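Enquirer: Below is a structure I'd like to ask you about.
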Amino acid sequence: MGNCQDSCKNFWCGPKNTNIRVSLPAVCFVWQIAMIILFGIFVRYDIEADGYWPEYMKSHNITSNIENDFYYRYPSFQDVHVMIFVGFGFLMTFLKRYSFGAVGFNFLIAAFGIQWALLMQGWFHSLDPVTSTIKIGVENLINADFCVASCLIAFGACLGKTSPVQLMVMTLFGVTLYAVEEYIIYDLLHARDAGGSMIIHTFGAYYGLTISWILYRPKLHQSKRLNGSVYHSDVFAMIGTLFLWMFWPSFNSATANHGDGQHRAAINTYLSLAASVLTAFAISSLSAKKGKLDMVHIQNATLAGGVAMGTAGEFMVTPYGSLIVGFCSGLLSAFGYLVLSPFLENRLKIQDTCGVHNLHAMPGLLGGIVGAITAATASVPIYGPEGLTSIFELVGTTRTAGTQGGYQAAGIAVALAFGIIGGAIVGVILRLPIWGDAADDNCFDDEVYWELPEDEESIPPILEYKDHMDTKNPDVSESNFSVEQC
Amino acid sequence: MGNCQDSCKNFWCGPKNTNIRVSLPAVCFVWQIAMIILFGIFVRYDIEADGYWPEYMKSHNITSNIENDFYYRYPSFQDVHVMIFVGFGFLMTFLKRYSFGAVGFNFLIAAFGIQWALLMQGWFHSLDPVTSTIKIGVENLINADFCVASCLIAFGACLGKTSPVQLMVMTLFGVTLYAVEEYIIYDLLHARDAGGSMIIHTFGAYYGLTISWILYRPKLHQSKRLNGSVYHSDVFAMIGTLFLWMFWPSFNSATANHGDGQHRAAINTYLSLAASVLTAFAISSLSAKKGKLDMVHIQNATLAGGVAMGTAGEFMVTPYGSLIVGFCSGLLSAFGYLVLSPFLENRLKIQDTCGVHNLHAMPGLLGGIVGAITAATASVPIYGPEGLTSIFELVGTTRTAGTQGGYQAAGIAVALAFGIIGGAIVGVILRLPIWGDAADDNCFDDEVYWELPEDEESIPPILEYKDHMDTKNPDVSESNFSVEQC
Amino acid sequence: MGNCQDSCKNFWCGPKNTNIRVSLPAVCFVWQIAMIILFGIFVRYDIEADGYWPEYMKSHNITSNIENDFYYRYPSFQDVHVMIFVGFGFLMTFLKRYSFGAVGFNFLIAAFGIQWALLMQGWFHSLDPVTSTIKIGVENLINADFCVASCLIAFGACLGKTSPVQLMVMTLFGVTLYAVEEYIIYDLLHARDAGGSMIIHTFGAYYGLTISWILYRPKLHQSKRLNGSVYHSDVFAMIGTLFLWMFWPSFNSATANHGDGQHRAAINTYLSLAASVLTAFAISSLSAKKGKLDMVHIQNATLAGGVAMGTAGEFMVTPYGSLIVGFCSGLLSAFGYLVLSPFLENRLKIQDTCGVHNLHAMPGLLGGIVGAITAATASVPIYGPEGLTSIFELVGTTRTAGTQGGYQAAGIAVALAFGIIGGAIVGVILRLPIWGDAADDNCFDDEVYWELPEDEESIPPILEYKDHMDTKNPDVSESNFSVEQC
């Protein structure tokens with residue numbers, strides 16, 4: 001019994017081993033080969049990407065190649081793709097010594113995630129009943145990017161505190177949960193959420209926050225010196241911020257209805273984002289002693305308008321309605337960074353590196369609520385007879401607008417549930433001490449998983465940063481082991 | 001009398017207070033709420049973004065959603081948007097300690113400016129006479145971005161020397177002046193300027209230069225140590241340069257006529273830009289003792305071909321004509337950086353941080369002149385009968401080509417007048433000591449308006465930068481007050 | 001005889017003079033004027049960019065401006081353009097002190113190269129037999145970018161070791177060789193290579209490697225301290241990596257057949273790239289003692305899937321086939337960086353700064369082979385009757401699929417031959433000591449060709465980098481001369 005207890009304790013509370021030389025390659029190779037096998041069994045080209053497209057055109061009276069879905073959707077796809085890889089990746093480079101991990105792990109888990117998402121979402125949405133194969137076209141690529149976005153949001157909550165193997169596991173489950181959640185919300189509840197305020201942002205944020213809560217690190221303050229930015233890492237992060245901000249209209253319109261739906265979603269998102277910039281700057285200045293702005297707010301809270309306009313972007317919220325949504329979400333988000341993040345960390349033990357609670361969770365909930373209200377007040381005079389049913393297909397037949405609003409709200413609940421429950425389960429799995437994560441005093445440091453270039457600017461003057469120099473002591477930092485955690 | 005003089009002197013010449021904790025939030029909140037109210041009164045969706053689009057399609061025999069203007073213009077819009085936010089924003093990050101202000105204030109004033117521009121330009125161009133509302137679609141978004149570009153050019157002249165509140169005021173008036181100028185040039189003079197050599201670049205540059213002249217800082221040399229770049233800030237600036245250079249064909253073609261107009265404007269701009277790269281490199285090397293290149297030239301003068309092709313981009317200037325324009329504008333611009341900027345500063349008291357005189361003013365004038373000459377020589381054999389009137393709608397009916405050339409030249413005069421007179425008025429307003437601008441010895445420093453991260457690379461070795469260290473003395477830098485200016 | 005030998009020795013082995021104050025401006029001015037003259041003689045607008053387009057529409061029953069090729073191709077063009085200028089340019093900024101040269105010289109030679117390519121490729125492909133003029137439209141711009149890409153790949157092999165004048169000469173010949181090679185492969189062999197695995201990557205890589213071999217520098221180790229990255233230069237390089245990675249589907253689909261061809265090429269490339277990310281990460285971790293990742297692999301080997309999918313992207317390789325190609329190319333490329341590059345340098349005397357052998361040469365060959373195999377196994381059941389001939393126009397008439405496969409393989413041989421033989425000739429020309437290249441101990445240093453900002457972070461603490469400080473001795477570094485080379 002004593003031995004059992006001891007070995008238990010050693011298993012759970014032993015020193016951390018960050019050597020991923022076996023686990024990361026194994027995960028990458030095995031999962032990539034699995035993807036190849038599954039794609040071999042299931043995935044084929046949609047007819048619009050198939051050699052038989054010319055025959056299909058003839059038999060369906062399509063006169064011009066311009067009708068191929070590629071020309072409708074590829075430009076939107078590229079904008080979304082830039083948001084996923086450059087937007088999210090560089091937004092997270094603000095950490096002074098975790099830029100490699102931020103942009104590199106974002107790259108890795110997104111590249112894996114889009115493959116797994118094509119399968120998961122394909123099984124739900126693009127399965128040809130005759131051949132039992134998944135037919136993929138550019139719309140699948142867009143939806144896969146959307147799915148992966150939720151995992152990248154979760155990554156943001158855990159940034160700097162997880163190993164890349166944990167991130168891969170988190171993505172594997174995250175994509176699966178997303179695909180099920182998306183099916184429930186779109187196909188069972190018949191709720192609309194073209195820009196994913198609920199499906200992507202609410203789910204992704206609570207998924208990541210719950211995992212972060214399960215993986216709470218009591219001594220994370222020992223890594224405090226690295227949990228922040230330096231001047232140029234903040235400038236790198238602005239690359240991410242700006243690409244997200246500029247392309248968010250594409251994100252929110254990419255899967256909206258052709259024609260006025262996409263057009264309106266782009267305009268609404270553009271206006272909402274513009275307003276959230278002004279309120280983010282305002283709160284940032286107001287909250288500082290001498291009115292000085294804080295880059296954290298400018299990098300993040302300015303984006304809240306895009307999150308909050310995800311659900312209602314394609315609805316007839318009116319241009320000034322979009323400005324109001326942006327105004328409120330910018331306020332909410334900046335307030336979150338100022339007040340809620342410290343509260344979450346100190347009282348609720350949720351360590352949220354990127355503040356996804358303030359940028360994705362709260363604005364995502366706001367977006368879902370705005371969507372519910374706007375849906376509930378939809379009517380033929382506002383949308384036109386065809387416009388109303390093209391967005392809310394059941395309204396007017398089996399549902400009233402009010403009921404649709406109720407289903408929209410139910411969608412928020414589903415997204416929350418999947419995020420929290422899914423996050424709890426995955427969090428427990430990730431707590432197993434087998435994934436190569438670092439000790440509490442060794443977080444936010446690229447040196448754990450990357451060969452770092454010999455770099456004079458990373459070695460600070462010895463007088464100013466004595467304690468920093470101590471932790472750079474080769475005997476400590478080079479080792480993959482560190483002190484007991486429990 | 002003495003007291004009056006004293007209080008006058010104290011008002012105008014007292015120490016500068018850079019605490020914007022009240023003024024910036026006030027401006028942001030009040031103006032954003034004003035935008036919401038004005039949008040509520042005036043702004044609605046254009047029919048192409050409205051729920052009634054399907055009905056409109058039926059009644060107007062539009063058979064496919066692909067005819068929605070969104071699909072024609074959205075890709076151009078995104079390219080222009082990237083130029084405004086990333087292109088201009090990052091081009092100005094060359095300053096070693098003003099990258100936050102460059103990219104951050106660019107972000108703020110553009111986000112406000114596009115809202116105000118939608119209103120101002122909407123009142124002039126998109127007002128529905130029946131409902132007295134402004135109908136907005138993606139073309140309005142493009143034009144709003146164009147309008148804001150002129151304010152960002154003006155920002156470049158003042159970079160590092162103004163407070164964000166001054167910049168907001170400058171943008172408020174700049175957008176207003178632009179909208180009136182645009183109306184005069186397009187609708188009264190019937191001149192063409194699709195890429196804005198006159199309307200955007202000439203106006204914006206002289207607006208900013210005049211403001212900078214009014215706000216002349218006699219002791220600016222005290223901030224000299226920060227009025228320059230460091231190695232990596234020059235690399236950040238190249239991000240801006242390249243995105244501007246690559247997307248300029250989209251900028252100059254975005255509002256050209258569909259079909260050959262847009263196609264030709266893109267080709268002409270592309271060629272002109274290629275040539276200005278070669279001449280910019282040539283002059284840069286030729287002017288240096290050992291032939292060493294200067295990043296200032298490469299970041300800026302290489303773009304002159306795009307500015308100079310703004311007016312004539314859609315005209316039949318011929319491909320080699322575009323190369324000649326680019327050749328000349330690159331020369332002119334590089335020459336400006338080498339010779340004219342010092343002259344402007346030392347003799348004319350115009351402190352032009354980004355050298356907008358060399359990149360926007362002179363090439364903008366050149367572009368207007370090229371446009372005037374090309375218009376004056378337009379004829380049916382060159383353009384084709386339909387081509388001629390589709391660009392120069394009055395030529396052949398109420399005007400000759402020669403007259404059109406005269407009106408193009410008049411457009412240059414209008415742009416100049418608005419820039420200089422408008423800049424003088426606004427400059428005087430901005431001279432009021434109420435906007436929170438910094439003292440002459442405290443310019444080009446993010447530390448004035450931003451919480452800066454603790455950053456070892458910003459604290460130089462004490463031996464090399466002793467005077468820098470002095471100004472980093474917390475008693476001096478932390479204070480919002482500094483010595484008398486007058 | 002003795003005097004002759006002495007002057008010979010002085011000519012070839014005298015001290016290096018890096019003063020390019022005459023040669024670079026001369027080359028830029030003379031070649032730009034030559035471009036203007038040649039464009040004046042030869043280049044005109046294609047009808048789709050000409051004022052007579054409306055007349056052409058009428059006479060050819062084209063009902064809508066949307067049929068103008070501009071709308072089909074401009075979005076692809078912009079993506080390719082970003083890859084050329086930002087992708088390649090920033091990928092090469094990884095060198096700690098050669099970021100200016102990387103991004104700046106990339107800018108210069110691309111701006112010149114696209115002009116010369118428009119002429120060279122125009123003479124082969126777009127010459128109007130009646131007027132003997134080259135008609136250019138947006139498709140010519142895309143092909144010019146493709147052509148220039150091969151020269152930028154060659155630049156990567158020589159990065160840091162050549163003067164900008166040498167690079168201009170290398171580009172002049174590279175574009176010429178490419179145009180001839182392209183003509184042979186496309187028009188004589190009738191091989192397909194939409195994404196350029198053979199035409200661009202194989203040719204460009206071997207061209208650059210051969211030049212680098214001819215220009216072998218025996219004492220290059222003296223510049224070793226600068227032949228590497230620092231922390232933030234690696235982050236800058238990730239900007240390049242990501243823009244290349246994201247837009248590669250556009251690159252490989254830009255010149256594929258309209259409709260399913262472009263759609264399929266984008267999907268295949270996307271999948272191949274996703275797989276190469278996973279295998280690149282896997283090998284990188286597996287090969288390091290503690291499983292630590294190496295940025296060199298992440299920046300480069302992750303892109304191999306795009307190169308290897310260049311030829312076969314538009315073929316019916318199937319989605320899982322694309323994953324397999326990506327899987328293998330990522331492995332191959334990472335293995336190249338780990339094992340082959342040192343071998344190439346130490347045994348074969350090929351100094352390959354960017355490792356283009358691992359990213360472009362080997363994956364390019366792989367891509368050509370995959371193309372040959374897929375072409376050889378093409379058949380009507382797979383492609384459909386119209387699909388087969390739309391890609392392989394001669395198959396079924398004058399050739400079998402097997403023969404087509406043979407011609408594809410012949411294309412690889414042609415690309416190799418042009419690269420190696422062309423590179424040898426150009427390498428000998430570049431060996432002339434007249435181009436202003438630096439001495440072996442003065443490579444990888446921007447200070448040779450650029451005015452560098454005074455920059456505290458480039459002056460390392462004197463204790464750590466004593467030998468670096470020695471080379472920063474103004475007497476040595478400021479001089480354009482350095483020790484004998486032979």
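We label chains A, B, ... in the order they appear in the structure tokens, count residues from 1 in each chain, and number ligands from 1 in the order shown.
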Find the residues near Phe251 of chain A: any atom within 7 Å, counting only C-alpha atoms, skip ones fewer than 4 places away on the same chain, and give them as a PyMOL selection string.

Expert: chain A and resi 80+195+247

Enquirer: What does the file look like for those residues with C-alpha atoms, as a compact mmCIF listing (two decimals), in the first residue's frame?

Expert:
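result-v7.txt, freshly written:
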```txt
# COMPACT_ATOMS: atom_id res chain seq x y z
CA VAL A 80 -9.73 33.14 -43.46
CA GLY A 195 -19.33 33.89 -38.07
CA PHE A 247 -10.02 40.10 -42.63
```

Enquirer: By least-squares superposition of chain C on chain A, using all C-alpha atoms in order, what RMSD in Å to one decimal is obtained?

Expert: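 It is 0.0 Å.
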
Enquirer: What separation in Å, quoted to one decimal, exists between atom CA of Asp445 of chain B and atom CA of Gly160 of chain B?

Expert: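 So the two atoms, atom CA of Asp445 of chain B and atom CA of Gly160 of chain B, lie 7.0 Å apart.
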
Enquirer: Contacts between chain A and chain B, please, where a residue of chain B counts if it comes within 6 Å (with only C-alpha atoms); show its shortest atom pair and distance in Å to one decimal, rows by chain and ascending number, as CSV.

Expert:
```
residue,atom,partner,partner_atom,distance
B:Asn19,CA,A:Lys290,CA,5.2
B:Ile20,CA,A:Gly291,CA,5.1
B:Arg21,CA,A:Gly291,CA,3.6
B:Pro25,CA,A:Ala282,CA,4.0
B:Cys28,CA,A:Leu278,CA,5.5
B:Ile36,CA,A:Tyr320,CA,5.4
B:Phe39,CA,A:Tyr320,CA,5.2
B:Gly40,CA,A:Tyr320,CA,5.1
B:Glu48,CA,A:Asp260,CA,5.5
B:Ala49,CA,A:Asp260,CA,4.2
B:Asp50,CA,A:Asp260,CA,5.7
B:Gly51,CA,A:Tyr383,CA,4.4
B:Tyr52,CA,A:Gly384,CA,5.0
B:Asn65,CA,A:Gly259,CA,5.0
B:Asn68,CA,A:Gly259,CA,5.7
B:Phe70,CA,A:His263,CA,5.7
B:Ala111,CA,A:Ala274,CA,4.8
B:Tyr449,CA,A:Lys292,CA,4.7
B:Trp450,CA,A:Leu293,CA,4.5
B:Glu451,CA,A:Asp294,CA,5.5
B:Pro453,CA,A:Val230,CA,5.4
B:Asp455,CA,A:Val230,CA,5.2
```

Enquirer: Residues of segment 122-299 of chain C in strand (DSSP E or B) according to DSSP, as a list in words?

Expert: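 Assigned to strand (DSSP E or B), within segment 122-299 of chain C: Leu127, Asp128, Thr133, Ile134, Lys135, Ile136 and Leu293 of chain C.
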
Enquirer: Determine, counting only C-alpha atoms, which protein, DNA and RNA residues have an atom within 9 Å of an atom of Phe90 of chain C; residues of the same chain fewer than 2 positions away are not included. Present the result as a count of residues only.

Expert: 17

Enquirer: Return as a ChimeraX atom specification the full set of residues in segment 196-442 of chain C whose backbone-based DSSP assignment is helix (DSSP H, G or I).

Expert: /C:197-214,220-226,231-253,260-286,295-308,312-314,319-346,356-376,380-383,385-391,401-431,440-442

Enquirer: So that I can see what lies close to Ser333 of chain A, please list as a PDB file with C-alpha atoms, in the first residue's frame the residues with an atom at most 12 Å from it, counting only C-alpha atoms and leaving out residues fewer than 2 positions away in the same chain.

Expert:
```pdb
ATOM      1  CA  SER A 276     -14.620  48.510 -30.900  1.00  0.00           C
ATOM      2  CA  VAL A 277     -11.306  50.151 -31.789  1.00  0.00           C
ATOM      3  CA  THR A 279     -13.889  52.098 -27.202  1.00  0.00           C
ATOM      4  CA  ALA A 280     -10.849  49.897 -26.629  1.00  0.00           C
ATOM      5  CA  PHE A 281      -8.559  52.924 -26.940  1.00  0.00           C
ATOM      6  CA  ALA A 282     -10.855  54.953 -24.720  1.00  0.00           C
ATOM      7  CA  ILE A 283     -10.958  52.444 -21.870  1.00  0.00           C
ATOM      8  CA  SER A 284      -7.268  51.770 -22.149  1.00  0.00           C
ATOM      9  CA  VAL A 296      -2.628  44.439 -24.492  1.00  0.00           C
ATOM     10  CA  HIS A 297      -5.883  46.315 -24.998  1.00  0.00           C
ATOM     11  CA  ILE A 298      -4.960  47.547 -28.448  1.00  0.00           C
ATOM     12  CA  GLN A 299      -3.865  44.087 -29.569  1.00  0.00           C
ATOM     13  CA  ASN A 300      -6.971  42.330 -28.291  1.00  0.00           C
ATOM     14  CA  ALA A 301      -9.954  44.417 -27.287  1.00  0.00           C
ATOM     15  CA  THR A 302     -10.033  46.137 -30.664  1.00  0.00           C
ATOM     16  CA  LEU A 303     -11.013  42.788 -32.180  1.00  0.00           C
ATOM     17  CA  ALA A 304     -14.035  42.214 -29.960  1.00  0.00           C
ATOM     18  CA  GLY A 305     -16.382  43.795 -32.496  1.00  0.00           C
ATOM     19  CA  GLY A 306     -15.617  41.033 -34.943  1.00  0.00           C
ATOM     20  CA  VAL A 307     -16.346  38.290 -32.431  1.00  0.00           C
ATOM     21  CA  ALA A 308     -19.581  39.892 -31.314  1.00  0.00           C
ATOM     22  CA  VAL A 325     -22.535  46.096 -30.861  1.00  0.00           C
ATOM     23  CA  GLY A 326     -18.943  47.073 -31.534  1.00  0.00           C
ATOM     24  CA  PHE A 327     -19.097  49.893 -29.001  1.00  0.00           C
ATOM     25  CA  CYS A 328     -20.308  47.536 -26.281  1.00  0.00           C
ATOM     26  CA  SER A 329     -18.001  44.663 -27.092  1.00  0.00           C
ATOM     27  CA  GLY A 330     -14.938  46.901 -27.088  1.00  0.00           C
ATOM     28  CA  LEU A 331     -15.952  48.202 -23.659  1.00  0.00           C
ATOM     29  CA  PHE A 335     -12.976  45.908 -18.986  1.00  0.00           C
ATOM     30  CA  GLY A 336     -12.291  42.202 -18.989  1.00  0.00           C
ATOM     31  CA  TYR A 337      -8.566  42.704 -19.450  1.00  0.00           C
ATOM     32  CA  LEU A 338      -8.487  45.297 -16.690  1.00  0.00           C
ATOM     33  CA  VAL A 339     -10.674  43.707 -14.056  1.00  0.00           C
ATOM     34  CA  LEU A 340     -11.809  40.206 -14.884  1.00  0.00           C
ATOM     35  CA  SER A 341      -8.550  38.559 -15.848  1.00  0.00           C
ATOM     36  CA  GLY A 355      -7.085  36.719 -22.083  1.00  0.00           C
ATOM     37  CA  VAL A 356      -9.343  34.703 -24.363  1.00  0.00           C
ATOM     38  CA  HIS A 357     -12.084  35.178 -21.824  1.00  0.00           C
ATOM     39  CA  ASN A 358     -12.106  38.867 -22.682  1.00  0.00           C
ATOM     40  CA  LEU A 359     -11.749  38.594 -26.421  1.00  0.00           C
ATOM     41  CA  HIS A 360     -13.626  35.389 -27.261  1.00  0.00           C
ATOM     42  CA  ALA A 361     -15.739  34.205 -24.349  1.00  0.00           C
ATOM     43  CA  MET A 362     -17.584  37.340 -23.340  1.00  0.00           C
ATOM     44  CA  PRO A 363     -17.868  38.880 -26.806  1.00  0.00           C
ATOM     45  CA  GLY A 364     -18.865  35.448 -28.096  1.00  0.00           C
ATOM     46  CA  LEU A 365     -21.688  35.275 -25.571  1.00  0.00           C
ATOM     47  CA  LEU A 366     -22.637  38.838 -26.452  1.00  0.00           C
TER      48      LEU A 366
END
```
